[in-house]
Amino acid sequence: MNMAVGSQGGFQPGKSLRRAWFILITVVLCLWVLLPIYLLFSNAFSTSSGVSAFPKGIVPPFSTESVGFFFRYSGVGKAFWSSIQVAVLTMIMSILIGAPAGYSLSRFDFRGKNLFRILILMTRAFPLPLLALPMAVMFIRVGLDDTILGLALVHTTLALPFAVLITYSLFSGIPIELEEAAWTLGCNRIQAFRKVIFPLVLPGITASAIFAFVISWNEVFAAAVLTIEHRTLPAFILQSLGVAPLHLKFAGGAVLVLPALIFIFLVRKYLFAMWGIANR
């Protein structure tokens, strides 16, 4: 009798233990992600003496002195605007190239298809410092050195493998029968894609654009090598704040991280929608 009651919904030690482990792992992961962000912003919006104070309080003394000084520093505004331009261009070019490639990989069979997918991923295996010198020489010869477009092309190369593979997985999760049904109703391939497939993959394409934006926004090596007058914010911070006081370094890090966090927060619903599409 007691065994029956236990099997029908009584106390189950195994289930409770799994739930406790799940909660523990979730808390640890949240702390792993949120604690560095909290420390970064708490030090950025603290006084210069509060940054190096020990022990620290849970709520540090609030001050905008460091962030205000950082924004008033010569060249920050220009570098911030350059980062925005490069990231937006990278996002657009990655989607315009990556989405058609992902669609072709999911809908057409051709010899060497699996090898091609591996080669796309292998492009991320080449270390960027190894390519820096020939890339700089080539850009100087074609007139793309120290330009927004030239740096956006490099960042697009870095973001493109992710864009292709993400959109490939999304298109593969949508049955081809939906397109075939649209064809039988009078739509050509382009019309079927625009009216049937595109609304379904829009969240995933948006998520791919987010990855491209974040990759471009955080990239520093190519920006430091290929630009002088049009340095992005990470390259500017690396150049200007290397010997700066600690509180200004925290302020620069907070200013660098905040736009990416805001951008992801604004489009978070598309990320959740992409998860639903990818798991169909």
# chains A, B, ... in the order shown; residues from 1 in each chain; ligands from 1

call {"tool": "select_by_dssp", "arguments": {"residues": "region 25-195 of chain A", "states": "helix (DSSP H, G or I)", "output": "PyMOL selection string"}}
result
chain A and resi 25-44+48-51+65-72+76-107+113-125+128-142+148-172+176-184+189-195

call {"tool": "residues_around", "arguments": {"residues": "region 225-228 of chain A", "least_positions_apart": "2", "cutoff": "6 Å", "atoms": "only C-alpha atoms", "output": "JSON list (two decimals) with C-alpha atoms, in the first residue's frame"}}
result
[["chain", "number", "residue", "atom", "x", "y", "z"],
["A", 145, "ASP", "CA", 42.73, 50.71, -44.91],
["A", 146, "ASP", "CA", 41.48, 52.91, -42.07],
["A", 222, "ALA", "CA", 41.53, 43.93, -36.51],
["A", 223, "ALA", "CA", 40.27, 47.34, -35.44],
["A", 230, "HIS", "CA", 38.43, 55.48, -37.44],
["A", 231, "ARG", "CA", 39.25, 53.34, -34.43]]

call {"tool": "residues_around", "arguments": {"residues": "Leu158 (chain A)", "least_positions_apart": "2", "cutoff": "12 Å", "atoms": "only C-alpha atoms", "output": "PyMOL selection string"}}
result
chain A and resi 87+90-91+93-94+98+120-128+151-156+160-164+211-219+221-222

call {"tool": "closest_residue", "arguments": {"among": "A:Phe116, A:Leu261, A:Val243, A:Leu248", "to": "Ile37 (chain A)", "atoms": "only C-alpha atoms"}}
result
A:Leu261

call {"tool": "residues_around", "arguments": {"residues": "Thr167 (chain A)", "least_positions_apart": "4", "cutoff": "7 Å", "atoms": "only C-alpha atoms", "output": "MDAnalysis selection string"}}
result
chainID A and resid 99 102:103 163 171 204:205

call {"tool": "closest_residue", "arguments": {"among": "A:Ala244, A:Leu89, A:Leu266, A:Ala254", "to": "Tyr38 (chain A)", "atoms": "only C-alpha atoms"}}
result
A:Ala254
